[in-house]
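Pasting data09.pdb here (PDB, C-alpha atoms, pLDDT in the B column):
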ATOM      1  CA  MET A   1     -25.586 -14.339 -30.346  1.00 62.00           C
ATOM      2  CA  SER A   2     -22.141 -15.748 -31.150  1.00 69.00           C
ATOM      3  CA  ARG A   3     -19.792 -17.060 -28.495  1.00 72.00           C
ATOM      4  CA  THR A   4     -17.579 -13.981 -28.794  1.00 69.00           C
ATOM      5  CA  GLU A   5     -20.547 -11.641 -28.404  1.00 71.00           C
ATOM      6  CA  ASN A   6     -21.793 -13.682 -25.455  1.00 67.00           C
ATOM      7  CA  ILE A   7     -18.392 -13.466 -23.718  1.00 65.00           C
ATOM      8  CA  GLU A   8     -18.175  -9.712 -24.359  1.00 68.00           C
ATOM      9  CA  HIS A   9     -21.697  -9.246 -22.985  1.00 65.00           C
ATOM     10  CA  LEU A  10     -20.794 -11.292 -19.893  1.00 61.00           C
ATOM     11  CA  GLU A  11     -17.607  -9.241 -19.328  1.00 66.00           C
ATOM     12  CA  GLU A  12     -19.584  -5.992 -19.575  1.00 68.00           C
ATOM     13  CA  SER A  13     -22.174  -7.358 -17.156  1.00 61.00           C
ATOM     14  CA  VAL A  14     -19.527  -8.342 -14.587  1.00 56.00           C
ATOM     15  CA  GLU A  15     -17.759  -4.965 -14.879  1.00 60.00           C
ATOM     16  CA  SER A  16     -21.005  -3.077 -14.296  1.00 57.00           C
ATOM     17  CA  GLU A  17     -21.730  -5.191 -11.185  1.00 68.00           C
ATOM     18  CA  LEU A  18     -18.344  -4.456  -9.581  1.00 74.00           C
ATOM     19  CA  LYS A  19     -18.574  -1.332  -7.464  1.00 81.00           C
ATOM     20  CA  GLN A  20     -15.874   0.600  -5.708  1.00 86.00           C
ATOM     21  CA  PRO A  21     -16.078   0.175  -1.934  1.00 90.00           C
ATOM     22  CA  SER A  22     -17.347   3.125   0.090  1.00 96.00           C
ATOM     23  CA  MET A  23     -14.443   5.218   1.301  1.00 98.00           C
ATOM     24  CA  TYR A  24     -14.078   6.740   4.761  1.00 99.00           C
ATOM     25  CA  LYS A  25     -11.968   9.576   6.145  1.00 99.00           C
ATOM     26  CA  VAL A  26      -9.953   8.762   9.247  1.00 99.00           C
ATOM     27  CA  ILE A  27      -9.934  11.896  11.389  1.00 99.00           C
ATOM     28  CA  LEU A  28      -7.947  13.005  14.423  1.00 99.00           C
ATOM     29  CA  ASN A  29      -9.808  15.431  16.685  1.00 98.00           C
ATOM     30  CA  ASN A  30      -8.096  18.176  18.650  1.00 98.00           C
ATOM     31  CA  ASP A  31      -8.035  18.250  22.439  1.00 97.00           C
ATOM     32  CA  ASP A  32      -6.268  20.449  24.983  1.00 96.00           C
ATOM     33  CA  TYR A  33      -4.113  17.713  26.507  1.00 98.00           C
ATOM     34  CA  THR A  34      -2.462  15.497  23.877  1.00 98.00           C
ATOM     35  CA  PRO A  35       1.055  16.755  23.054  1.00 98.00           C
ATOM     36  CA  MET A  36       1.746  17.776  19.469  1.00 98.00           C
ATOM     37  CA  ASP A  37       4.713  15.395  19.322  1.00 98.00           C
ATOM     38  CA  PHE A  38       2.430  12.475  20.173  1.00 99.00           C
ATOM     39  CA  VAL A  39       0.053  13.420  17.340  1.00 99.00           C
ATOM     40  CA  ILE A  40       3.015  13.494  14.939  1.00 99.00           C
ATOM     41  CA  GLU A  41       4.106  10.083  16.210  1.00 99.00           C
ATOM     42  CA  ILE A  42       0.596   8.690  15.567  1.00 99.00           C
ATOM     43  CA  LEU A  43       0.590  10.061  12.027  1.00 99.00           C
ATOM     44  CA  GLN A  44       3.977   8.533  11.266  1.00 99.00           C
ATOM     45  CA  LEU A  45       3.320   5.204  12.962  1.00 98.00           C
ATOM     46  CA  PHE A  46      -0.212   4.443  11.764  1.00 99.00           C
ATOM     47  CA  PHE A  47      -0.516   6.489   8.566  1.00 99.00           C
ATOM     48  CA  GLN A  48       3.058   6.357   7.183  1.00 98.00           C
ATOM     49  CA  LYS A  49       3.361  10.149   6.979  1.00 99.00           C
ATOM     50  CA  ASP A  50       6.819  11.649   6.802  1.00 99.00           C
ATOM     51  CA  GLU A  51       7.772  14.307   9.348  1.00 98.00           C
ATOM     52  CA  GLN A  52       6.708  17.226   7.153  1.00 99.00           C
ATOM     53  CA  GLN A  53       3.320  15.706   6.266  1.00 98.00           C
ATOM     54  CA  ALA A  54       2.696  14.725   9.881  1.00 99.00           C
ATOM     55  CA  THR A  55       3.539  18.237  11.076  1.00 98.00           C
ATOM     56  CA  GLU A  56       1.200  19.823   8.515  1.00 98.00           C
ATOM     57  CA  ILE A  57      -1.690  17.546   9.519  1.00 98.00           C
ATOM     58  CA  MET A  58      -0.969  18.098  13.229  1.00 98.00           C
ATOM     59  CA  LEU A  59      -1.110  21.878  12.719  1.00 98.00           C
ATOM     60  CA  ALA A  60      -4.400  21.545  10.824  1.00 97.00           C
ATOM     61  CA  ILE A  61      -5.781  19.522  13.744  1.00 98.00           C
ATOM     62  CA  HIS A  62      -4.534  22.147  16.205  1.00 97.00           C
ATOM     63  CA  HIS A  63      -5.932  25.145  14.301  1.00 98.00           C
ATOM     64  CA  LYS A  64      -9.098  23.704  12.741  1.00 98.00           C
ATOM     65  CA  GLY A  65     -10.135  21.224  15.441  1.00 98.00           C
ATOM     66  CA  LYS A  66      -9.654  18.141  13.305  1.00 98.00           C
ATOM     67  CA  GLY A  67      -7.578  16.787  10.459  1.00 98.00           C
ATOM     68  CA  ILE A  68      -7.804  14.017   7.898  1.00 98.00           C
ATOM     69  CA  CYS A  69      -5.163  11.315   8.296  1.00 98.00           C
ATOM     70  CA  GLY A  70      -6.197   9.356   5.214  1.00 98.00           C
ATOM     71  CA  ILE A  71      -9.082   7.938   3.205  1.00 98.00           C
ATOM     72  CA  TYR A  72      -9.624   4.177   3.205  1.00 98.00           C
ATOM     73  CA  PRO A  73     -12.249   1.481   2.599  1.00 98.00           C
ATOM     74  CA  PHE A  74     -14.442   0.968   5.685  1.00 98.00           C
ATOM     75  CA  GLY A  75     -12.641  -2.088   7.096  1.00 97.00           C
ATOM     76  CA  ILE A  76      -9.226  -0.453   6.959  1.00 98.00           C
ATOM     77  CA  ALA A  77     -10.534   2.868   8.311  1.00 99.00           C
ATOM     78  CA  GLU A  78     -12.301   1.121  11.194  1.00 98.00           C
ATOM     79  CA  THR A  79      -9.137  -0.805  12.088  1.00 99.00           C
ATOM     80  CA  LYS A  80      -6.956   2.321  12.025  1.00 99.00           C
ATOM     81  CA  VAL A  81      -9.426   4.191  14.257  1.00 99.00           C
ATOM     82  CA  ALA A  82      -9.405   1.347  16.790  1.00 99.00           C
ATOM     83  CA  GLN A  83      -5.593   1.060  16.725  1.00 99.00           C
ATOM     84  CA  VAL A  84      -5.049   4.799  17.206  1.00 99.00           C
ATOM     85  CA  ASN A  85      -7.603   5.078  20.022  1.00 99.00           C
ATOM     86  CA  GLN A  86      -6.109   2.066  21.805  1.00 99.00           C
ATOM     87  CA  PHE A  87      -2.553   3.412  21.414  1.00 99.00           C
ATOM     88  CA  ALA A  88      -3.623   6.833  22.740  1.00 99.00           C
ATOM     89  CA  ARG A  89      -5.260   5.254  25.816  1.00 99.00           C
ATOM     90  CA  GLN A  90      -2.230   3.034  26.457  1.00 99.00           C
ATOM     91  CA  ASN A  91      -0.160   6.222  26.541  1.00 99.00           C
ATOM     92  CA  GLN A  92      -2.666   8.052  28.797  1.00 98.00           C
ATOM     93  CA  HIS A  93      -3.762  10.577  26.137  1.00 98.00           C
ATOM     94  CA  PRO A  94      -7.379  11.560  25.427  1.00 98.00           C
ATOM     95  CA  LEU A  95      -6.740  11.862  21.672  1.00 98.00           C
ATOM     96  CA  LEU A  96      -9.827  10.777  19.737  1.00 98.00           C
ATOM     97  CA  CYS A  97      -9.701   9.237  16.285  1.00 99.00           C
ATOM     98  CA  SER A  98     -12.941   8.842  14.331  1.00 99.00           C
ATOM     99  CA  LEU A  99     -14.178   8.156  10.821  1.00 98.00           C
ATOM    100  CA  GLU A 100     -16.752   9.647   8.502  1.00 98.00           C
ATOM    101  CA  GLU A 101     -17.866   8.785   5.015  1.00 98.00           C
ATOM    102  CA  ALA A 102     -15.781  10.491   2.334  1.00 96.00           C
TER     103      ALA A 102
END
For the structure just supplied, provide its representation as structure tokens.
Amino acid sequence: MSRTENIEHLEESVESELKQPSMYKVILNNDDYTPMDFVIEILQLFFQKDEQQATEIMLAIHHKGKGICGIYPFGIAETKVAQVNQFARQNQHPLLCSLEEA
């Protein structure tokens, strides 16, 4: 095997070993107490949604019981869930954020 062939084989080997990280959905769950405006604020603050996107997701949460805020690698999803849940508790709201594999 020539040097060029060896390098090409090595590059192919490395590419096949690299895998995309598992992705997770960050989900907001509906409850009967958290105000809709607070849910919109969460979506804008933690998920960079504009007002229209945040309103659409909030309505999906309200009507369907839950809504997807975004899809992220596990570490980012886990951090966002923790941040949202902490922020909700600090503001005396029972809003629950969770994650599930995408």
Using all atoms listed in the file for the distances, tell me which of A:Leu99, A:Ile61, A:Ile27, A:Ile42 is nearest to Gln86 of chain A.
A:Ile42
Calculate how many Å separate atom CA of Gln48 of chain A from atom CA of Pro73 of chain A, rounding to one decimal.
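Spanning atom CA of Gln48 of chain A to atom CA of Pro73 of chain A is a straight-line distance of 16.7 Å.
Residues in contact range of Gly70 of chain A, defined as at most 6 Å between only C-alpha atoms, with sequence neighbours fewer than 2 positions away removed, read A:Lys25, A:Val26, A:Ile68.
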Restricting the calculation to all atoms listed in the file, which member of A:Ser98, A:Gln92, A:Ser22, A:Asn85 is positioned closest to Thr34 of chain A?
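Of all the options, A:Gln92 lies closest to Thr34 of chain A.
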Between atom CA of Ile40 of chain A and atom CA of His93 of chain A, what is the distance in Å, rounded to a tenth?
13.4 Å
Specify as number ranges by chain each residue included when the PyMOL selection byres ((chain A and resi 77) around 12) is applied to this file.
A: 21-27, 46-47, 68-76, 78-84, 97-102
Quick one: pull the distance between atom CA of Lys19 of chain A and atom CA of Lys49 of chain A, Å, one decimal.
28.7 Å
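Nearest residue to Pro94 of chain A, choosing from A:Met36, A:Glu5, A:Leu18, A:Asn30 and counting all atoms listed in the file: A:Asn30.
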